[in-house]
Every structure is written in C-alpha cells, then in structure tokens.
>>> print(open('my_file.cif').read())   # mmCIF, C-alpha atoms
data_structure
loop_
_atom_site.label_atom_id
_atom_site.label_comp_id
_atom_site.auth_asym_id
_atom_site.auth_seq_id
_atom_site.Cartn_x
_atom_site.Cartn_y
_atom_site.Cartn_z
CA MET A 744 0.00 0.00 0.00
CA TYR A 745 2.81 2.34 0.97
CA THR A 746 4.60 1.60 -2.27
CA MET A 747 1.46 2.36 -4.28
CA LYS A 748 1.09 5.74 -2.52
CA ARG A 749 4.70 6.61 -3.32
CA PHE A 750 4.14 5.62 -6.94
CA LEU A 751 1.02 7.80 -7.18
CA LEU A 752 2.83 10.73 -5.57
CA LEU A 753 5.64 10.29 -8.07
CA LEU A 754 3.16 10.38 -10.97
CA VAL A 755 1.51 13.52 -9.58
CA SER A 756 4.91 15.18 -9.13
CA MET A 757 5.92 14.33 -12.69
CA ALA A 758 2.63 15.69 -14.04
CA ILE A 759 3.04 18.93 -12.08
CA ALA A 760 6.64 19.27 -13.28
CA ARG A 761 5.54 18.73 -16.86
CA ILE A 762 2.79 21.33 -16.53
CA CYS A 763 5.21 23.80 -14.97
CA SER A 764 7.78 23.14 -17.69
CA THR A 765 5.19 23.60 -20.45
CA ALA A 766 3.94 26.80 -18.82
CA LYS A 767 7.49 28.10 -18.57
CA GLU A 768 8.19 27.29 -22.24
CA GLU A 769 4.96 29.02 -23.28
CA GLU A 770 5.86 32.03 -21.14
CA GLU A 771 9.36 32.18 -22.65
CA THR A 772 7.92 31.88 -26.17
CA THR A 773 5.43 34.66 -25.44
CA THR A 774 8.18 36.82 -23.96
CA CYS A 775 10.45 36.21 -26.95
CA ALA A 776 7.66 37.05 -29.38
CA THR A 777 6.88 40.25 -27.47
CA LEU A 778 10.51 41.32 -27.35
CA ALA A 779 10.92 40.56 -31.05
CA GLU A 780 7.90 42.72 -31.92
CA GLU A 781 9.45 45.53 -29.87
CA GLY A 782 12.47 45.42 -32.19
CA LYS A 783 14.90 43.89 -29.70
CA CYS A 784 16.24 41.55 -32.40
CA LEU A 785 17.69 44.67 -33.98
CA THR A 786 18.65 46.75 -30.93
CA ASP A 787 19.88 43.86 -28.74
CA ALA A 788 20.81 41.34 -31.41
CA ASP A 789 23.41 39.32 -29.50
CA THR A 790 21.17 38.57 -26.52
CA MET A 791 18.08 37.92 -28.61
CA ASN A 792 19.88 35.64 -31.07
CA ASP A 793 21.10 33.59 -28.11
CA LYS A 794 17.77 33.33 -26.26
CA CYS A 795 15.12 33.83 -28.94
CA ALA A 796 16.70 32.67 -32.20
CA LYS A 797 13.48 31.30 -33.73
CA GLU A 798 11.41 34.40 -32.98
CA CYS A 799 14.20 36.68 -34.27
CA HIS A 800 14.44 34.70 -37.49
CA GLN A 801 10.69 35.11 -38.07
CA TRP A 802 10.80 38.77 -37.10
CA ARG A 803 13.73 39.53 -39.43
CA LEU A 804 11.97 37.91 -42.37
CA ARG A 805 8.96 40.18 -41.80
CA TYR A 806 11.20 43.18 -41.21
CA TYR A 807 13.10 42.74 -44.44
CA GLN A 808 9.93 42.26 -46.47
CA GLU A 809 8.23 45.29 -44.92
CA GLN A 810 11.18 47.66 -44.61
CA LEU A 811 13.57 46.60 -47.34
CA ARG A 812 10.97 45.64 -49.94
CA PHE A 813 11.49 42.20 -51.39
CA GLN A 814 9.48 39.21 -52.51
CA VAL A 815 10.24 35.50 -52.18
CA PHE A 816 9.56 32.93 -54.89
CA SER A 817 10.12 29.19 -55.23
CA ILE A 818 11.98 27.81 -58.25
CA GLY A 819 10.81 24.37 -59.34
CA GLU A 820 13.20 21.44 -59.61
CA SER A 821 12.80 21.09 -63.38
CA GLU A 822 13.41 24.82 -63.84
CA ARG A 823 16.55 24.59 -61.69
CA ASP A 824 17.84 21.60 -63.66
CA GLU A 825 17.38 23.53 -66.90
CA ILE A 826 19.28 26.51 -65.46
CA PHE A 827 22.23 24.39 -64.29
CA ASP A 828 22.37 22.69 -67.69
CA MET A 829 22.91 26.07 -69.39
CA SER A 830 26.14 27.71 -70.46
CA ILE A 831 26.12 31.48 -70.93
CA LYS A 832 28.63 33.90 -72.46
CA ASN A 833 30.56 36.36 -70.37
CA SER A 834 31.67 39.81 -71.54
CA THR A 835 34.69 38.42 -73.42
CA GLY A 836 32.73 35.69 -75.20
CA SER A 837 33.82 32.77 -73.01
CA LEU A 838 31.20 30.20 -72.05
CA ILE A 839 30.39 29.90 -68.35
CA SER A 840 28.62 26.76 -67.13
CA MET A 841 25.77 27.63 -64.79
CA GLU A 842 26.45 24.40 -62.93
CA ARG A 843 29.41 26.12 -61.25
CA PHE A 844 26.99 28.34 -59.28
CA GLU A 845 25.23 25.39 -57.64
CA GLY A 846 26.13 25.31 -53.96
CA PHE A 847 26.80 29.06 -53.74
CA ILE A 848 24.62 31.93 -52.67
CA THR A 849 24.28 33.74 -55.99
CA LEU A 850 23.42 37.40 -56.47
CA ILE A 851 22.37 38.48 -59.97
CA ILE A 852 22.58 42.21 -60.65
CA PRO A 853 21.30 43.82 -63.86
CA ILE A 854 23.08 47.14 -64.51
CA ALA A 855 22.23 49.68 -67.17
CA LYS A 856 25.01 50.78 -69.51
CA ASN A 857 26.18 54.24 -68.52
CA CYS A 858 28.31 56.87 -70.19
CA LYS A 859 30.44 59.90 -69.32
CA SER A 860 27.32 62.04 -68.96
CA ASP A 861 26.07 59.84 -66.09
CA LYS A 862 26.89 60.57 -62.44
CA VAL A 863 28.33 57.18 -61.42
CA SER A 864 31.47 55.97 -63.16
CA PRO A 865 31.42 52.41 -64.54
CA LYS A 866 34.74 51.68 -62.78
CA PHE A 867 33.33 52.65 -59.38
CA MET A 868 30.13 50.71 -60.00
CA ILE A 869 31.84 47.44 -60.99
CA GLU A 870 34.53 47.69 -58.31
CA SER A 871 31.86 48.24 -55.65
CA ILE A 872 30.19 44.99 -56.72
CA GLU A 873 33.56 43.21 -56.63
CA GLN A 874 34.18 44.46 -53.09
CA LEU A 875 30.80 43.09 -52.03
CA GLN A 876 31.68 39.62 -53.36
CA GLN A 877 35.08 39.68 -51.66
CA VAL A 878 33.44 39.91 -48.23
CA TRP A 879 32.41 36.23 -48.66
CA PRO A 880 34.67 34.92 -51.49
CA ARG A 881 33.97 31.22 -50.73
CA THR A 882 30.25 31.59 -50.13
CA VAL A 883 28.87 34.18 -52.55
CA GLU A 884 29.04 34.44 -56.33
CA ILE A 885 27.84 37.48 -58.26
CA ILE A 886 26.60 37.62 -61.86
CA VAL A 887 26.36 41.05 -63.50
CA LEU A 888 23.99 41.40 -66.46
CA PRO A 889 24.66 44.67 -68.33
CA PHE A 890 21.92 46.03 -70.57
CA GLU A 891 21.17 49.10 -72.64
CA HIS A 892 18.33 51.08 -71.10
CA PRO A 893 15.47 50.92 -73.62
CA THR A 894 14.51 54.60 -73.19
CA LYS A 895 18.06 55.97 -73.54
CA ASP A 896 19.48 57.09 -76.86
CA TYR A 897 23.12 55.99 -76.82
CA ILE A 898 23.93 57.40 -80.26
CA GLY A 899 26.63 60.03 -79.97
CA LEU A 900 27.33 59.34 -76.28
CA ASP A 901 30.82 58.54 -75.03
CA CYS A 902 30.45 55.16 -73.30
CA THR A 903 34.05 53.96 -73.74
CA ASP A 904 34.65 53.80 -69.97
CA PHE A 905 31.74 51.38 -69.58
CA GLU A 906 32.86 49.32 -72.57
CA ASP A 907 36.43 49.11 -71.20
CA GLU A 908 35.19 48.00 -67.77
CA HIS A 909 32.78 45.56 -69.39
CA GLN A 910 35.58 43.84 -71.29
CA LYS A 911 38.08 43.71 -68.42
CA LYS A 912 39.36 40.20 -67.62
CA GLY A 913 40.34 38.53 -64.35
CA ARG A 914 37.48 39.76 -62.19
CA PRO A 915 36.25 37.89 -59.09
CA ILE A 916 32.68 38.40 -60.34
CA TYR A 917 31.01 37.24 -63.56
CA VAL A 918 30.25 40.09 -65.95
CA MET A 919 28.17 38.74 -68.82
CA GLU A 920 27.61 39.87 -72.39
CA MET A 921 25.18 42.73 -73.09
CA THR A 922 21.59 41.59 -72.84
CA ASN A 923 17.97 42.68 -72.44
CA LEU A 924 15.70 42.51 -69.43
CA ASN A 925 12.53 42.09 -71.44
CA GLY A 926 11.31 41.01 -74.84
CA PRO A 927 12.39 38.15 -77.10
CA LYS A 928 16.10 38.77 -76.41
CA THR A 929 15.78 38.57 -72.63
CA HIS A 930 18.80 36.90 -71.05
CA PRO A 931 17.96 33.17 -70.69
CA ILE A 932 18.73 33.12 -66.95
CA LEU A 933 16.51 36.14 -66.34
CA GLN A 934 13.79 34.51 -68.37
CA LYS A 935 13.90 31.42 -66.16
CA LEU A 936 13.72 33.58 -63.04
CA LYS A 937 10.85 35.61 -64.49
CA ASN A 938 9.02 32.34 -65.12
CA GLY A 939 9.50 31.45 -61.46
CA MET A 940 8.21 34.89 -60.45
CA HIS A 941 5.27 34.61 -62.87
CA VAL A 942 6.03 38.01 -64.41
CA GLU A 943 6.37 38.98 -68.05
CA GLU A 944 8.09 42.35 -67.69
CA LEU A 945 10.78 43.61 -65.33
CA THR A 946 11.03 47.27 -64.44
CA VAL A 947 14.00 49.06 -66.01
CA ASN A 948 13.82 52.23 -63.91
CA THR A 949 14.97 50.96 -60.53
CA THR A 950 17.80 48.93 -59.07
CA GLN A 951 16.92 45.28 -58.63
CA TYR A 952 18.67 42.20 -57.37
CA PHE A 953 17.95 38.48 -57.71
CA LEU A 954 19.28 36.57 -54.72
CA LEU A 955 19.31 32.77 -54.81
CA ASN A 956 20.05 30.29 -52.06
CA PRO A 957 22.74 27.63 -52.73
CA ASP A 958 20.45 25.09 -54.43
CA TRP A 959 18.52 27.86 -56.24
CA SER A 960 15.20 26.64 -54.83
CA LYS A 961 14.40 30.05 -53.33
CA LEU A 962 14.60 33.38 -55.11
CA GLN A 963 14.51 36.70 -53.26
CA TYR A 964 13.68 39.62 -55.53
CA HIS A 965 14.95 42.87 -54.02
CA TYR A 966 14.31 46.33 -55.44
CA THR A 967 14.90 50.05 -54.79
CA LYS A 968 17.94 49.57 -52.60
CA GLY A 969 21.72 49.87 -52.78
CA LEU A 970 24.71 47.58 -52.44
CA MET A 971 25.11 48.34 -48.72
CA ASP A 972 21.53 47.18 -48.18
CA MET A 973 22.31 43.99 -50.06
CA LYS A 974 25.39 43.45 -47.92
CA ASP A 975 23.08 43.33 -44.88
CA VAL A 976 20.69 40.99 -46.71
CA LEU A 977 23.53 38.64 -47.66
CA GLN A 978 24.84 38.61 -44.10
CA GLU A 979 21.36 37.75 -42.84
CA MET A 980 21.04 34.88 -45.33
CA ILE A 981 24.42 33.51 -44.25
CA ASN A 982 23.43 33.82 -40.57
CA ILE A 983 20.23 31.88 -41.24
CA MET A 984 22.16 29.14 -43.05
CA ASP A 985 24.69 28.94 -40.20
CA HIS A 986 21.84 28.37 -37.75
CA GLY A 987 20.42 25.63 -39.98
CA ASP A 988 17.13 27.51 -40.44
CA GLU A 989 15.05 27.46 -43.58
CA LEU A 990 15.54 30.43 -45.90
#
>>> encode(input="my_file.cif", output="structure tokens")
Amino acid sequence: MYTMKRFLLLLVSMAIARICSTAKEEEETTTCATLAEEGKCLTDADTMNDKCAKECHQWRLRYYQEQLRFQVFSIGESERDEIFDMSIKNSTGSLISMERFEGFITLIIPIAKNCKSDKVSPKFMIESIEQLQQVWPRTVEIIVLPFEHPTKDYIGLDCTDFEDEHQKKGRPIYVMEMTNLNGPKTHPILQKLKNGMHVEELTVNTTQYFLLNPDWSKLQYHYTKGLMDMKDVLQEMINIMDHGDEL
C-alpha cells in the first residue's frame, strides 16, 4: 500500500513538473515574441539571437519584407535543372557553365550601360560589386547582367569607360555579355527567373537584385535599394544558413 502511494505521488509530481515546464516554455515563447515585436532583435541582437533565435528569425523575415521591400519565390526542380544545364557567355565571349553556381549563394545584378554624362562611373560601379563579393569569397558568387536602357538614346554618347570595364578580364565576379531585361532577347537566366516569379516584364527604372540560395530553390527579388543594403541581406542569409534555419 505504501509503495502504491509513493508511486502515485511520483506520478503527480511528474505531471506537475511537466505542466510547470510547459507553462514556462509558453511564457518564454510569449516573452520572446513580445521582445521581437518591440524590435529587440535589432537593438539587442546578440542577446536575442542567443535566447530567442526562432522568434528573431521570423521577425527579421517580416522586417526585411516590410522595410527593405522584397518578394520571395520558389523555383521548381525542373526549372533549376534547366538553369544548371545552361552555359552562358561572359563579356569576353567565353562560355560559363551555370552548374558552377550550384552550392553558392548567388546574387544576380542587372546594370544599365552608362556613359560619361552619367553621375556614377562604370569603374566605381563594378569595383563596388567586386568588393561586395570579396566579403564572402567562398560563399557568394555574383553575376552582372549589363543592358542598354530601352529609353536611352546611346547614339553620340561617349560610353568607352563602360565598354572598357565591361571587357576587363580577371574579375572575381562574372560580368556577362550585353543583354535585355525584357522582350524576345531577354537573357535566358533572367527569363527562367521571371518564369518562377510569374512576371512577363521587369522594371528598367529601378535597381533590382535576384538573390538565390545555394540550391537555387528560393529566389529573393529585391528592389529600390543599394549595395550596402544587399550586404546586410547577404549577411542575414548567411546567418540563417549557419543556424540551420530554412531560408
């Protein structure tokens, strides 16, 4: 009889402990969610990443979409296979196998051809992109897709600086041949990404970036931001991967 009482007391104690543990976990989850909504994942990142990693991950995804303006799309397996089977020409006419980008975070940047009359020099623009890639040389690859802006009349303009930079060899990034963002001569990689986004036309009047995770199953389309913004976005993607979270 005494043994049975002890057994029942043990069961009651275990049940109470389980209830208390569950209540504590729920309280901690609620607290983490509240702190995340208050912006603590940004203002007290080290502490929050240690104690509330899941809630901060969810909060940052919402933050980036709301504040930094981007959309997320899924790329189907067959579409990815077709992309990795492609070979595309770089600015000097050499063929680059797309298979080499599998396993890397890949950032695709369309840039409009500019000339001496424009404010930003081509040399500064390309070198800034190179510097971004060199922050994570073994993790990030960058593809630059130069195009002529369809509303700009290039006749009579001095664009030799752009052409010289475009043809330069030995870069740590991949500068491709001149292309189009829209129409029948759209670059084949862009066309595949547009298919995944379910869009027919891309805007030509704003900066835009196509950011792909290592297996190219997820595409983040970023717009109206600069390279420093994308540096933060890339760092966040790498942090998420390091934690083993889903992108």
>>> atom_distance(input="my_file.cif", atom1="atom CA of A:Asn923", atom2="atom CA of A:Phe890")
5.5 Å
>>> residues_around(input="my_file.cif", residues="A:Ile839", least_positions_apart="6", cutoff="9 Å", atoms="all atoms listed in the file", output="JSON, numbers by chain")
{"A": [829, 830, 831, 832, 833, 917]}
>>> residues_around(input="my_file.cif", residues="stretch 879-887 of chain A", least_positions_apart="3", cutoff="12 Å", atoms="only C-alpha atoms", output="number ranges by chain")
A: 831-834, 839, 841, 843-856, 868-876, 890, 909, 914-922, 930, 932-933, 951-957, 973-974, 977-978, 980-982, 984-985
>>> atom_distance(input="my_file.cif", atom1="atom CA of A:Asp824", atom2="atom CA of A:Leu962")
14.9 Å
>>> closest_residue(input="my_file.cif", among="A:Gly782, A:Met940, A:Gly899, A:Val815", to="A:Arg803", atoms="only C-alpha atoms")
A:Gly782
>>> closest_residue(input="my_file.cif", among="A:Thr967, A:Tyr897, A:Phe827, A:Glu891", to="A:Lys859", atoms="all atoms listed in the file")
A:Tyr897
>>> atom_distance(input="my_file.cif", atom1="atom CA of A:Thr946", atom2="atom CA of A:Asp972")
19.4 Å
>>> closest_residue(input="my_file.cif", among="A:Lys866, A:Lys968, A:Lys935, A:His941", to="A:Ser821", atoms="only C-alpha atoms")
A:Lys935
>>> resolve_selection(input="my_file.cif", expression="the PyMOL selection byres ((chain A and resi 802) around 12)", output="PyMOL selection string")
chain A and resi 775-785+788+791-792+795-801+803-810
>>> closest_residue(input="my_file.cif", among="A:Pro865, A:Gly836, A:Gly969, A:Gly819", to="A:Glu908", atoms="all atoms listed in the file")
A:Pro865
>>> axis_aligned_box(input="my_file.cif", around="stretch 795-807 of chain A", padding_each_side="6 Å", output="JSON")
{"center_x": 12.8, "center_y": 37.2, "center_z": -36.7, "size_x": 19.7, "size_y": 23.9, "size_z": 27.5}
>>> closest_residue(input="my_file.cif", among="A:His965, A:Asp861, A:Val878, A:Glu906", to="A:Thr950", atoms="only C-alpha atoms")
A:His965
>>> decode(input="my_file.cif", residues="stretch 830-854 of chain A", atoms="C-alpha atoms", output="tab-separated table (two decimals), in the first residue's frame")
chain	number	residue	atom	x	y	z
A	830	SER	CA	26.14	27.71	-70.46
A	831	ILE	CA	26.12	31.48	-70.93
A	832	LYS	CA	28.63	33.90	-72.46
A	833	ASN	CA	30.56	36.36	-70.37
A	834	SER	CA	31.67	39.81	-71.54
A	835	THR	CA	34.69	38.42	-73.42
A	836	GLY	CA	32.73	35.69	-75.20
A	837	SER	CA	33.82	32.77	-73.01
A	838	LEU	CA	31.20	30.20	-72.05
A	839	ILE	CA	30.39	29.90	-68.35
A	840	SER	CA	28.62	26.76	-67.13
A	841	MET	CA	25.77	27.63	-64.79
A	842	GLU	CA	26.45	24.40	-62.93
A	843	ARG	CA	29.41	26.12	-61.25
A	844	PHE	CA	26.99	28.34	-59.28
A	845	GLU	CA	25.23	25.39	-57.64
A	846	GLY	CA	26.13	25.31	-53.96
A	847	PHE	CA	26.80	29.06	-53.74
A	848	ILE	CA	24.62	31.93	-52.67
A	849	THR	CA	24.28	33.74	-55.99
A	850	LEU	CA	23.42	37.40	-56.47
A	851	ILE	CA	22.37	38.48	-59.97
A	852	ILE	CA	22.58	42.21	-60.65
A	853	PRO	CA	21.30	43.82	-63.86
A	854	ILE	CA	23.08	47.14	-64.51
